[in-house]
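> The following file, input-v1.cif, comprises mmCIF, C-alpha atoms:
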```
data_structure
loop_
_atom_site.label_atom_id
_atom_site.label_comp_id
_atom_site.auth_asym_id
_atom_site.auth_seq_id
_atom_site.Cartn_x
_atom_site.Cartn_y
_atom_site.Cartn_z
CA MET A 16 48.65 -41.48 171.69
CA THR A 17 49.32 -43.02 168.29
CA ILE A 18 47.21 -45.55 166.42
CA LYS A 19 48.82 -48.93 165.86
CA ILE A 20 48.68 -49.69 162.14
CA ASP A 21 48.60 -53.17 160.64
CA GLN A 22 50.87 -52.77 157.60
CA SER A 23 49.50 -55.80 155.74
CA LEU A 24 47.56 -55.27 152.51
CA PRO A 25 44.70 -57.79 152.31
CA SER A 26 42.79 -58.54 149.13
CA PHE A 27 39.12 -57.58 149.04
CA GLU A 28 38.11 -61.16 149.79
CA GLN A 29 40.49 -61.33 152.78
CA LEU A 30 39.08 -58.31 154.63
CA PRO A 31 37.79 -59.25 158.11
CA ARG A 32 34.21 -58.74 159.27
CA ILE A 33 35.32 -55.76 161.38
CA PHE A 34 38.30 -53.48 160.80
CA ALA A 35 39.33 -49.83 160.91
CA ILE A 36 41.26 -47.61 158.49
CA THR A 37 43.22 -44.50 159.36
CA LEU A 38 42.17 -41.91 156.80
CA ASP A 39 45.39 -39.92 156.88
CA ASP A 40 45.00 -38.82 153.26
CA PHE A 41 41.64 -37.16 153.93
CA ALA A 42 41.17 -33.42 154.22
CA ALA A 43 38.25 -31.03 154.17
CA ILE A 44 37.40 -27.61 152.86
CA SER A 45 35.29 -25.67 155.36
CA LEU A 46 32.79 -22.97 154.40
CA ILE A 47 31.05 -21.00 157.10
CA GLY A 48 29.19 -17.71 157.06
CA GLU A 49 25.88 -16.06 156.32
CA GLU A 50 25.98 -17.03 152.62
CA GLN A 51 27.76 -20.38 152.85
CA ASN A 52 24.91 -22.37 151.30
CA LYS A 53 24.01 -19.79 148.68
CA TYR A 54 27.61 -19.47 147.56
CA LEU A 55 28.38 -23.18 147.49
CA GLN A 56 25.15 -23.93 145.62
CA GLY A 57 26.54 -21.97 142.67
CA GLN A 58 29.90 -23.73 142.74
CA VAL A 59 29.31 -27.49 142.99
CA THR A 60 27.28 -30.16 141.19
CA CYS A 61 25.21 -31.40 144.15
CA ASP A 62 22.12 -29.66 145.53
CA VAL A 63 23.43 -27.98 148.68
CA ASN A 64 20.02 -26.44 149.37
CA SER A 65 18.56 -29.92 149.89
CA ALA A 66 20.99 -30.75 152.70
CA ASN A 67 20.57 -30.70 156.45
CA GLU A 68 22.65 -31.76 159.47
CA ASN A 69 21.82 -35.43 158.87
CA SER A 70 22.49 -35.41 155.11
CA LEU A 71 25.38 -36.89 153.18
CA LEU A 72 25.79 -35.65 149.62
CA ASN A 73 28.23 -36.83 146.98
CA GLY A 74 29.41 -34.00 144.77
CA SER A 75 32.09 -32.49 142.61
CA HIS A 76 33.62 -29.08 142.07
CA CYS A 77 34.26 -28.09 138.46
CA ASP A 78 35.96 -25.27 136.58
CA ALA A 79 34.11 -23.09 134.09
CA LYS A 80 34.66 -25.70 131.35
CA GLY A 81 33.04 -28.42 133.45
CA LYS A 82 36.32 -30.20 134.31
CA VAL A 83 36.49 -31.65 137.81
CA PHE A 84 38.77 -30.18 140.47
CA SER A 85 37.56 -32.58 143.15
CA ALA A 86 35.05 -35.29 143.96
CA PHE A 87 33.93 -35.00 147.56
CA ARG A 88 31.48 -36.03 150.25
CA PHE A 89 29.54 -33.11 151.67
CA ILE A 90 28.30 -32.86 155.24
CA MET A 91 27.34 -30.14 157.71
CA ARG A 92 29.22 -30.12 161.02
CA ASN A 93 29.15 -27.47 163.74
CA LYS A 94 27.40 -25.00 161.40
CA ALA A 95 30.09 -25.39 158.73
CA ASN A 96 29.84 -26.98 155.30
CA LEU A 97 32.59 -29.58 154.85
CA LEU A 98 33.80 -30.94 151.51
CA ILE A 99 35.69 -34.10 152.51
CA GLN A 100 38.17 -35.29 149.89
CA PRO A 101 41.70 -36.60 149.30
CA LYS A 102 44.47 -34.16 150.19
CA ALA A 103 45.70 -34.35 146.59
CA THR A 104 42.73 -32.34 145.30
CA LEU A 105 42.26 -29.91 148.16
CA ALA A 106 44.66 -27.12 147.12
CA ALA A 107 43.28 -26.65 143.61
CA SER A 108 39.65 -26.76 144.73
CA LEU A 109 40.30 -24.46 147.69
CA ALA A 110 42.06 -21.86 145.55
CA GLU A 111 39.18 -21.74 143.07
CA LEU A 112 36.52 -21.51 145.77
CA LYS A 113 38.41 -18.69 147.46
CA LYS A 114 38.80 -16.83 144.17
CA PHE A 115 35.05 -16.34 143.81
CA GLY A 116 34.29 -16.41 147.53
CA VAL A 117 35.59 -12.88 148.07
CA PHE A 118 32.25 -11.64 146.72
CA ALA A 119 30.19 -13.57 149.28
CA LYS A 120 29.73 -13.49 153.05
CA VAL A 121 31.59 -16.75 153.64
CA THR A 122 34.89 -17.85 155.12
CA ILE A 123 36.58 -20.61 153.11
CA GLU A 124 39.59 -22.50 154.43
CA ALA A 125 41.17 -25.91 154.83
CA ASP A 126 40.04 -27.48 158.10
CA GLU A 127 43.24 -28.52 159.82
CA ASN A 128 41.73 -29.54 163.16
CA LEU A 129 39.93 -32.73 162.18
CA ALA A 130 41.06 -36.33 161.88
CA TYR A 131 39.24 -39.23 160.26
CA LEU A 132 38.89 -42.92 161.06
CA ALA A 133 36.80 -45.47 159.17
CA VAL A 134 35.23 -48.47 160.87
CA CYS A 135 34.12 -51.04 158.31
CA GLY A 136 32.68 -54.49 157.91
CA GLN A 137 29.60 -56.56 158.66
CA GLU A 138 30.16 -56.22 162.41
CA ALA A 139 30.89 -52.48 162.37
CA LYS A 140 27.39 -51.47 163.47
CA THR A 141 27.37 -53.84 166.44
CA THR A 142 30.83 -52.73 167.53
CA LEU A 143 30.15 -48.99 167.26
CA ALA A 144 26.83 -49.35 169.10
CA GLN A 145 28.85 -50.21 172.20
CA HIS A 146 30.45 -46.76 172.08
CA PHE A 147 27.77 -44.42 170.68
CA SER A 148 24.15 -43.95 171.72
CA THR A 149 23.06 -43.17 168.16
CA LEU A 150 24.42 -44.43 164.85
CA PRO A 151 23.82 -43.05 161.38
CA CYS A 152 21.91 -45.19 158.89
CA GLU A 153 20.70 -45.16 155.31
CA SER A 154 17.87 -42.70 156.02
CA SER A 155 19.98 -40.48 158.30
CA PRO A 156 23.59 -40.98 157.20
CA VAL A 157 25.16 -38.28 159.41
CA GLU A 158 24.90 -38.09 163.19
CA THR A 159 26.83 -35.89 165.60
CA ILE A 160 27.15 -36.98 169.23
CA ASP A 161 28.89 -34.39 171.41
CA SER A 162 32.06 -33.58 169.42
CA THR A 163 32.05 -36.71 167.25
CA THR A 164 30.46 -36.89 163.81
CA LEU A 165 29.69 -40.28 162.30
CA VAL A 166 29.01 -40.72 158.58
CA TYR A 167 27.46 -43.90 157.20
CA ILE A 168 28.36 -45.05 153.68
CA GLU A 169 26.40 -47.89 152.14
CA GLY A 170 28.11 -50.57 150.10
CA GLN A 171 29.10 -54.19 149.81
CA ILE A 172 31.13 -53.54 152.95
CA PRO A 173 29.35 -51.06 155.29
CA ARG A 174 31.55 -48.12 156.28
CA TYR A 175 31.38 -45.50 159.01
CA ILE A 176 33.63 -42.44 158.87
CA ILE A 177 34.30 -41.04 162.34
CA ILE A 178 35.34 -37.38 162.51
CA ASN A 179 36.82 -35.57 165.50
CA GLU A 180 40.05 -34.01 166.70
CA ALA A 181 43.13 -36.22 166.34
CA ASP A 182 43.57 -37.07 170.03
CA LYS A 183 39.96 -38.16 170.38
CA ILE A 184 40.17 -40.28 167.24
CA SER A 185 43.28 -41.98 168.63
CA ALA A 186 41.56 -42.63 171.95
CA LEU A 187 38.57 -44.17 170.19
CA ALA A 188 40.80 -46.39 168.03
CA SER A 189 42.46 -47.67 171.19
CA LYS A 190 39.09 -48.47 172.78
CA LEU A 191 37.86 -50.29 169.69
CA ASN A 192 40.90 -52.56 169.73
CA ILE A 193 40.33 -53.90 166.21
CA THR A 194 42.68 -54.40 163.27
CA THR A 195 43.49 -50.98 161.83
CA TYR A 196 44.86 -50.67 158.30
CA ALA A 197 46.54 -47.80 156.50
CA HIS A 198 44.65 -45.48 154.15
CA ALA A 199 45.49 -47.67 151.13
CA VAL A 200 42.73 -50.09 152.14
CA TRP A 201 40.20 -47.26 151.82
CA ASN A 202 41.31 -46.89 148.19
CA LEU A 203 40.57 -50.59 147.70
CA LEU A 204 37.00 -50.05 148.92
CA GLU A 205 36.52 -46.95 146.76
CA ILE A 206 37.74 -48.85 143.70
CA ASN A 207 35.24 -51.63 144.31
CA GLU A 208 32.39 -49.18 144.96
CA GLY A 209 33.22 -47.04 141.92
CA PHE A 210 33.68 -43.73 143.74
CA PRO A 211 36.41 -41.73 141.95
CA THR A 212 39.69 -41.06 143.72
CA LEU A 213 41.47 -38.25 141.91
CA ASN A 214 45.20 -37.59 142.06
CA GLU A 215 47.05 -34.38 141.23
CA SER A 216 47.53 -35.31 137.58
CA SER A 217 43.81 -35.96 137.08
CA ILE A 218 42.63 -32.57 138.37
CA SER A 219 40.74 -30.68 135.64
CA ALA A 220 41.06 -33.62 133.25
CA TYR A 221 37.50 -35.00 133.23
CA VAL A 222 33.90 -33.88 133.21
CA PRO A 223 31.87 -35.47 136.02
CA GLN A 224 30.20 -38.12 133.82
CA MET A 225 33.62 -39.50 132.83
CA LEU A 226 34.01 -40.31 136.54
CA ASN A 227 30.52 -41.88 136.85
CA LEU A 228 29.49 -39.12 139.22
CA GLN A 229 25.96 -39.09 137.82
CA ALA A 230 25.65 -42.73 138.89
CA VAL A 231 26.51 -42.01 142.54
CA ASN A 232 23.96 -39.17 142.71
CA ALA A 233 26.66 -36.50 142.76
CA ILE A 234 25.09 -34.31 140.06
CA SER A 235 21.79 -32.48 140.33
CA PHE A 236 20.25 -31.74 136.94
CA THR A 237 17.42 -29.68 138.46
CA LYS A 238 19.18 -27.33 140.89
CA GLY A 239 19.95 -24.54 138.42
CA CYS A 240 23.20 -22.86 137.47
CA TYR A 241 26.63 -23.64 138.89
CA LEU A 242 30.17 -23.37 137.60
CA GLY A 243 30.59 -25.69 134.60
CA GLN A 244 26.88 -26.56 134.49
CA GLU A 245 26.48 -26.01 130.74
CA THR A 246 29.13 -28.59 129.88
CA VAL A 247 27.79 -31.10 132.38
CA ALA A 248 24.23 -30.75 131.05
CA ARG A 249 25.39 -31.01 127.44
CA MET A 250 27.24 -34.24 128.21
CA GLN A 251 24.13 -35.66 129.85
CA TYR A 252 21.45 -34.71 127.36
CA LEU A 253 23.34 -34.74 124.05
CA GLY A 254 25.14 -38.02 124.72
CA LYS A 255 28.59 -36.61 123.97
CA ASN A 256 30.42 -38.44 126.74
CA LYS A 257 32.55 -41.30 125.42
CA ARG A 258 34.43 -42.25 128.59
CA ALA A 259 33.56 -43.84 131.93
CA LEU A 260 35.09 -44.98 135.21
CA TYR A 261 36.00 -48.68 135.49
CA SER A 262 37.14 -51.03 138.23
CA LEU A 263 39.76 -53.53 137.04
CA LYS A 264 41.44 -56.48 138.71
CA GLY A 265 44.49 -58.59 137.92
CA ASN A 266 46.96 -60.88 139.60
CA GLY A 267 50.66 -61.32 139.14
CA ASP A 268 54.11 -59.95 139.79
CA VAL A 269 53.42 -56.49 138.41
CA VAL A 270 54.62 -53.17 139.79
CA ILE A 271 51.84 -50.58 139.59
CA SER A 272 52.71 -46.89 139.81
CA ALA A 273 50.98 -43.61 139.05
CA ASP A 274 52.70 -43.68 135.65
CA SER A 275 51.50 -47.16 134.70
CA ILE A 276 49.73 -47.29 131.33
CA ILE A 277 46.66 -49.43 130.66
CA GLU A 278 46.59 -50.89 127.17
CA LYS A 279 43.97 -52.66 125.06
CA GLN A 280 44.59 -55.13 122.27
CA LEU A 281 43.78 -54.11 118.69
CA GLY A 282 44.52 -57.03 116.42
CA GLU A 283 48.12 -58.00 117.02
CA ASN A 284 48.98 -54.62 118.53
CA TRP A 285 48.42 -52.90 121.84
CA ARG A 286 47.35 -49.27 122.27
CA LYS A 287 46.73 -47.03 125.26
CA ALA A 288 43.23 -47.70 126.60
CA GLY A 289 42.81 -44.92 129.15
CA ASP A 290 44.08 -43.30 132.32
CA LEU A 291 44.84 -44.78 135.73
CA LEU A 292 43.38 -42.87 138.69
CA THR A 293 44.35 -45.02 141.66
CA SER A 294 45.47 -48.55 142.43
CA TYR A 295 45.88 -51.04 145.25
CA THR A 296 48.16 -54.08 145.33
CA ALA A 297 47.43 -56.78 147.91
CA ASP A 298 50.06 -58.97 149.51
CA ASN A 299 48.75 -62.03 147.65
CA GLY A 300 49.42 -60.45 144.25
CA ASP A 301 45.88 -59.29 143.50
CA TYR A 302 45.87 -55.75 142.19
CA TYR A 303 42.90 -53.43 141.75
CA LEU A 304 42.80 -50.42 139.45
CA GLN A 305 40.44 -47.51 139.01
CA ALA A 306 40.67 -46.15 135.49
CA VAL A 307 38.91 -43.93 132.97
CA LEU A 308 38.45 -45.87 129.71
CA ALA A 309 36.35 -45.62 126.58
CA SER A 310 32.72 -46.19 127.59
CA ASP A 311 32.33 -49.03 125.09
CA THR A 312 35.02 -51.09 126.84
CA ASP A 313 33.54 -54.43 127.92
CA GLU A 314 34.47 -57.95 128.98
CA THR A 315 35.51 -58.83 125.41
CA THR A 316 38.25 -56.15 125.45
CA ASN A 317 41.71 -57.53 126.23
CA LEU A 318 43.39 -55.22 128.73
CA ARG A 319 46.80 -55.21 130.40
CA ILE A 320 49.37 -53.04 132.11
CA LYS A 321 51.95 -51.98 129.52
CA ASP A 322 54.95 -54.34 129.40
CA ALA A 323 53.20 -56.86 131.66
CA ASN A 324 52.50 -59.31 128.87
CA GLU A 325 51.31 -62.20 131.02
CA ALA A 326 49.06 -60.23 133.36
CA SER A 327 45.60 -59.52 131.97
CA LEU A 328 43.09 -57.16 133.55
CA HIS A 329 39.46 -58.07 134.15
CA ILE A 330 36.58 -55.60 134.42
CA GLN A 331 34.83 -55.82 137.78
CA PRO A 332 31.10 -55.14 138.24
CA LEU A 333 30.17 -51.83 139.85
CA PRO A 334 27.19 -51.42 142.19
CA TYR A 335 25.35 -49.03 139.88
CA THR A 336 24.34 -48.40 136.30
CA LEU A 337 25.45 -45.36 134.35
CA THR A 338 22.13 -43.57 134.47
CA THR A 339 21.04 -40.38 136.17
CA GLN A 340 19.82 -40.77 139.74
CA ASP A 341 18.36 -37.24 139.98
#
```
Will you turn the file into structure tokens for me?


Amino acid sequence: MTIKIDQSLPSFEQLPRIFAITLDDFAAISLIGEEQNKYLQGQVTCDVNSANENSLLNGSHCDAKGKVFSAFRFIMRNKANLLIQPKATLAASLAELKKFGVFAKVTIEADENLAYLAVCGQEAKTTLAQHFSTLPCESSPVETIDSTTLVYIEGQIPRYIIINEADKISALASKLNITTYAHAVWNLLEINEGFPTLNESSISAYVPQMLNLQAVNAISFTKGCYLGQETVARMQYLGKNKRALYSLKGNGDVVISADSIIEKQLGENWRKAGDLLTSYTADNGDYYLQAVLASDTDETTNLRIKDANEASLHIQPLPYTLTTQD
């Protein structure tokens, strides 16, 4: 059974009150074993020891210099720790975790048995309640019913990630019988919520604060040592970070690619402003960008895509402030 995909690309404002997204670009690193928590606690920025089967943690995995391999969502499922993330970052993060994991009682591998479907919108809760006896919520964001795990993500548009084997995800999508978009629409939601979506070229390029990970409670500053912790703490307490994650929006006949360059105006000239992480172009010409720019960039800064002279970019508000949540 295959899921029927609506290939249209709606703007944020055009999204319906209930819709699904096939998360084909999602993957997960699985850690299971006697020392899975102890080992992972020393590798990632979030406080693994605070988690339980109903917890959802945002987190990141850094190298020894504090540069981010991956930004992930952490859950426990069937006794395993899962780091759910884009496929683009999985290989680098997995290789590094395995490198040090040989000294611990833990099995670390890519989970290749799971599939992911998001159900989103203001009517998502009502719709899913017709199919599941229990739904996750803000206070208990992860629930597992039989073989299905549901993960609730707060936001302007409520989202539920449904995790199971591929055939069961397909069967559920058929039962739901709602508009189902491709994974690109998930990127649109992540851009608007300010959760970083790394690509292969951005691996090991940024410390967590450059990706606003402190603002989405993905860094614990009280948990103790982990790989890259000294750099992360120095950035936080000495104020050395000069970059931040931004959500940008424009409209026009502009082709956006991974190589597109964001520029800012300096007098009569234009100079590179920062780096593009991910983008989404709607059918109506609206385009949304997630970028790392200088942290003093504000609404008075003139921004554009290089060579797109008539198409200006506008900074969009994010649902958080750049302060520590821990």

> Using only C-alpha atoms, which residues sit within 12 Å of Glu158 of chain A once same-chain residues fewer than 3 positions away are excluded, as a PDB file with C-alpha atoms, in the frame of the given file?


```
ATOM      1  CA  ASN A  67      20.570 -30.700 156.450  1.00  0.00           C
ATOM      2  CA  GLU A  68      22.650 -31.760 159.470  1.00  0.00           C
ATOM      3  CA  ASN A  69      21.820 -35.430 158.870  1.00  0.00           C
ATOM      4  CA  SER A  70      22.490 -35.410 155.110  1.00  0.00           C
ATOM      5  CA  LEU A  71      25.380 -36.890 153.180  1.00  0.00           C
ATOM      6  CA  ILE A  90      28.300 -32.860 155.240  1.00  0.00           C
ATOM      7  CA  MET A  91      27.340 -30.140 157.710  1.00  0.00           C
ATOM      8  CA  ARG A  92      29.220 -30.120 161.020  1.00  0.00           C
ATOM      9  CA  ASN A  93      29.150 -27.470 163.740  1.00  0.00           C
ATOM     10  CA  PHE A 147      27.770 -44.420 170.680  1.00  0.00           C
ATOM     11  CA  SER A 148      24.150 -43.950 171.720  1.00  0.00           C
ATOM     12  CA  THR A 149      23.060 -43.170 168.160  1.00  0.00           C
ATOM     13  CA  LEU A 150      24.420 -44.430 164.850  1.00  0.00           C
ATOM     14  CA  PRO A 151      23.820 -43.050 161.380  1.00  0.00           C
ATOM     15  CA  CYS A 152      21.910 -45.190 158.890  1.00  0.00           C
ATOM     16  CA  GLU A 153      20.700 -45.160 155.310  1.00  0.00           C
ATOM     17  CA  SER A 154      17.870 -42.700 156.020  1.00  0.00           C
ATOM     18  CA  SER A 155      19.980 -40.480 158.300  1.00  0.00           C
ATOM     19  CA  ASP A 161      28.890 -34.390 171.410  1.00  0.00           C
ATOM     20  CA  SER A 162      32.060 -33.580 169.420  1.00  0.00           C
ATOM     21  CA  THR A 163      32.050 -36.710 167.250  1.00  0.00           C
ATOM     22  CA  THR A 164      30.460 -36.890 163.810  1.00  0.00           C
ATOM     23  CA  LEU A 165      29.690 -40.280 162.300  1.00  0.00           C
ATOM     24  CA  VAL A 166      29.010 -40.720 158.580  1.00  0.00           C
ATOM     25  CA  TYR A 167      27.460 -43.900 157.200  1.00  0.00           C
ATOM     26  CA  TYR A 175      31.380 -45.500 159.010  1.00  0.00           C
ATOM     27  CA  ILE A 176      33.630 -42.440 158.870  1.00  0.00           C
ATOM     28  CA  ILE A 177      34.300 -41.040 162.340  1.00  0.00           C
ATOM     29  CA  ILE A 178      35.340 -37.380 162.510  1.00  0.00           C
TER      30      ILE A 178
END
```

> Quick one: everything within 8 Å of segment 221-235 of chain A, counting all atoms listed in the file, minus sequence neighbours fewer than 6 positions away in the same chain. Send it as a tab-separated table (two decimals) with C-alpha atoms, in the frame of the given file.


```tsv
chain	number	residue	atom	x	y	z
A	60	THR	CA	27.28	-30.16	141.19
A	61	CYS	CA	25.21	-31.40	144.15
A	62	ASP	CA	22.12	-29.66	145.53
A	72	LEU	CA	25.79	-35.65	149.62
A	73	ASN	CA	28.23	-36.83	146.98
A	74	GLY	CA	29.41	-34.00	144.77
A	75	SER	CA	32.09	-32.49	142.61
A	77	CYS	CA	34.26	-28.09	138.46
A	81	GLY	CA	33.04	-28.42	133.45
A	82	LYS	CA	36.32	-30.20	134.31
A	83	VAL	CA	36.49	-31.65	137.81
A	209	GLY	CA	33.22	-47.04	141.92
A	210	PHE	CA	33.68	-43.73	143.74
A	211	PRO	CA	36.41	-41.73	141.95
A	246	THR	CA	29.13	-28.59	129.88
A	247	VAL	CA	27.79	-31.10	132.38
A	250	MET	CA	27.24	-34.24	128.21
A	251	GLN	CA	24.13	-35.66	129.85
A	256	ASN	CA	30.42	-38.44	126.74
A	257	LYS	CA	32.55	-41.30	125.42
A	258	ARG	CA	34.43	-42.25	128.59
A	259	ALA	CA	33.56	-43.84	131.93
A	260	LEU	CA	35.09	-44.98	135.21
A	307	VAL	CA	38.91	-43.93	132.97
A	335	TYR	CA	25.35	-49.03	139.88
A	336	THR	CA	24.34	-48.40	136.30
A	337	LEU	CA	25.45	-45.36	134.35
A	338	THR	CA	22.13	-43.57	134.47
A	339	THR	CA	21.04	-40.38	136.17
A	340	GLN	CA	19.82	-40.77	139.74
A	341	ASP	CA	18.36	-37.24	139.98
```

> For Ile218 of chain A, work out the shell of residues within 7 Å, counting only C-alpha atoms and skipping chain neighbours fewer than 6 positions away, then give it as a PyMOL selection string.

chain A and resi 83-85+104

> Write out as a ChimeraX atom specification which residues come within 7 Å of segment 317-334 of chain A when counting only C-alpha atoms, dropping same-chain ones fewer than 2 positions away.

/A:207-209,262-267,269,275-280,314-315

> Using only C-alpha atoms, please write the residues we just selected to a file, as a PDB file, in the frame of the given file.


```pdb
ATOM      1  CA  ASN A 207      35.240 -51.630 144.310  1.00  0.00           C
ATOM      2  CA  GLU A 208      32.390 -49.180 144.960  1.00  0.00           C
ATOM      3  CA  GLY A 209      33.220 -47.040 141.920  1.00  0.00           C
ATOM      4  CA  SER A 262      37.140 -51.030 138.230  1.00  0.00           C
ATOM      5  CA  LEU A 263      39.760 -53.530 137.040  1.00  0.00           C
ATOM      6  CA  LYS A 264      41.440 -56.480 138.710  1.00  0.00           C
ATOM      7  CA  GLY A 265      44.490 -58.590 137.920  1.00  0.00           C
ATOM      8  CA  ASN A 266      46.960 -60.880 139.600  1.00  0.00           C
ATOM      9  CA  GLY A 267      50.660 -61.320 139.140  1.00  0.00           C
ATOM     10  CA  VAL A 269      53.420 -56.490 138.410  1.00  0.00           C
ATOM     11  CA  SER A 275      51.500 -47.160 134.700  1.00  0.00           C
ATOM     12  CA  ILE A 276      49.730 -47.290 131.330  1.00  0.00           C
ATOM     13  CA  ILE A 277      46.660 -49.430 130.660  1.00  0.00           C
ATOM     14  CA  GLU A 278      46.590 -50.890 127.170  1.00  0.00           C
ATOM     15  CA  LYS A 279      43.970 -52.660 125.060  1.00  0.00           C
ATOM     16  CA  GLN A 280      44.590 -55.130 122.270  1.00  0.00           C
ATOM     17  CA  GLU A 314      34.470 -57.950 128.980  1.00  0.00           C
ATOM     18  CA  THR A 315      35.510 -58.830 125.410  1.00  0.00           C
TER      19      THR A 315
END
```

> Could you make a table, as a Markdown table, of the residues of segment 201-236 of chain A that have an atom within 12 Å of an atom of segment 114-135 of chain A, each with its nearest atom pair and distance in Å to one decimal, counting all atoms listed in the file, in chain and number order?


```
| residue | atom | partner | partner_atom | distance |
| --- | --- | --- | --- | --- |
| A:Trp201 | CA | A:Ala133 | CA | 8.3 |
| A:Asn202 | CA | A:Ala133 | CA | 12.0 |
| A:Leu204 | CA | A:Cys135 | CA | 9.9 |
```

> Would you kindly return, as a list in words, each protein, DNA or RNA residue with an atom no farther than 7 Å from any atom of Gln58 of chain A, considering only C-alpha atoms and excluding same-chain residues fewer than 6 positions away?

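Listed by chain and then number, they are His76, Tyr241 and Leu242 of chain A.
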
> Hey, which of A:Asp313, A:Asp274, A:Glu49, A:Glu283 ends up closest to Ser217 of chain A? Count all atoms listed in the file.

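Smallest separation from Ser217 of chain A among the options: A:Asp274.
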
> I need the output of the PyMOL selection byres ((chain A and resi 41) around 10) for this file as a list in words; which residues are they?

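The output of the PyMOL selection byres ((chain A and resi 41) around 10) on this file is Thr37, Leu38, Asp39, Asp40, Ala42, Ala43, Ile99, Gln100, Pro101, Lys102, Ala103, Thr104, Leu105, Leu129, Ala130, Tyr131, Leu132 and His198 of chain A.
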
> For the selection just defined, write its residues with C-alpha atoms to a file, as an mmCIF file, in the coordinates of the input.


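Wrote it out as out.cif, contents follow:
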```cif
data_model
loop_
_atom_site.group_PDB
_atom_site.id
_atom_site.type_symbol
_atom_site.label_atom_id
_atom_site.label_comp_id
_atom_site.auth_asym_id
_atom_site.auth_seq_id
_atom_site.Cartn_x
_atom_site.Cartn_y
_atom_site.Cartn_z
ATOM 1 C CA THR A 37 43.220 -44.500 159.360
ATOM 2 C CA LEU A 38 42.170 -41.910 156.800
ATOM 3 C CA ASP A 39 45.390 -39.920 156.880
ATOM 4 C CA ASP A 40 45.000 -38.820 153.260
ATOM 5 C CA ALA A 42 41.170 -33.420 154.220
ATOM 6 C CA ALA A 43 38.250 -31.030 154.170
ATOM 7 C CA ILE A 99 35.690 -34.100 152.510
ATOM 8 C CA GLN A 100 38.170 -35.290 149.890
ATOM 9 C CA PRO A 101 41.700 -36.600 149.300
ATOM 10 C CA LYS A 102 44.470 -34.160 150.190
ATOM 11 C CA ALA A 103 45.700 -34.350 146.590
ATOM 12 C CA THR A 104 42.730 -32.340 145.300
ATOM 13 C CA LEU A 105 42.260 -29.910 148.160
ATOM 14 C CA LEU A 129 39.930 -32.730 162.180
ATOM 15 C CA ALA A 130 41.060 -36.330 161.880
ATOM 16 C CA TYR A 131 39.240 -39.230 160.260
ATOM 17 C CA LEU A 132 38.890 -42.920 161.060
ATOM 18 C CA HIS A 198 44.650 -45.480 154.150
#
```

> Would you compute the distance between atom CA of Ser219 of chain A and atom CA of Glu169 of chain A? Give it in Å to one decimal.

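Separation between atom CA of Ser219 of chain A and atom CA of Glu169 of chain A: 27.8 Å.
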
> Select, counting only C-alpha atoms, all protein, DNA and RNA residues no farther than 8 Å from (43.7, -50.3, 149.9) in file coordinates, and express the selection as a list of chain:residue names.

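Residues found, by chain and rising number: A:Leu24, A:Pro25, A:Ala197, A:His198, A:Ala199, A:Val200, A:Trp201, A:Asn202, A:Leu203, A:Leu204, A:Ser294, A:Tyr295, A:Thr296, A:Ala297.
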
> Between atom CA of Pro31 of chain A and atom CA of Phe87 of chain A, measure the distance and give it in Å to one decimal.

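We find that atom CA of Pro31 of chain A and atom CA of Phe87 of chain A lie 26.7 Å from each other.
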
> Quick check, in Å to one decimal: how far apart do atom CA of Lys94 of chain A and atom CA of Gly57 of chain A lie?

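Rounded to one decimal, the two atoms are 19.0 Å apart.
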
> I'd like to see the residues matched by the PyMOL selection byres ((chain A and resi 146) around 9) on this file, and ideally I'd get them as a compact mmCIF listing (two decimals) with C-alpha atoms, keeping the file's coordinate frame.


```txt
# COMPACT_ATOMS: atom_id res chain seq x y z
CA THR A 142 30.83 -52.73 167.53
CA LEU A 143 30.15 -48.99 167.26
CA ALA A 144 26.83 -49.35 169.10
CA GLN A 145 28.85 -50.21 172.20
CA PHE A 147 27.77 -44.42 170.68
CA SER A 148 24.15 -43.95 171.72
CA LEU A 187 38.57 -44.17 170.19
CA LYS A 190 39.09 -48.47 172.78
CA LEU A 191 37.86 -50.29 169.69
```

> Which of these residues is nearest to Tyr261 of chain A, using all atoms listed in the file: A:Ala107, A:Ala95, A:Leu213, A:Leu292?

A:Leu292

> Rank A:Gly289, A:Ala139, A:Ala106, A:Leu55 by their smallest atom-to-atom distance to Arg32 of chain A, using all atoms listed in the file, and report the top residue only.

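Using all atoms listed in the file, Arg32 of chain A sits closest to A:Ala139.
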
> Of the candidates A:Ala186, A:Ile271, A:Leu112, A:Ala248, which one gets nearest to Tyr54 of chain A if we count all atoms listed in the file?

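Smallest distance to Tyr54 of chain A is found for A:Leu112.
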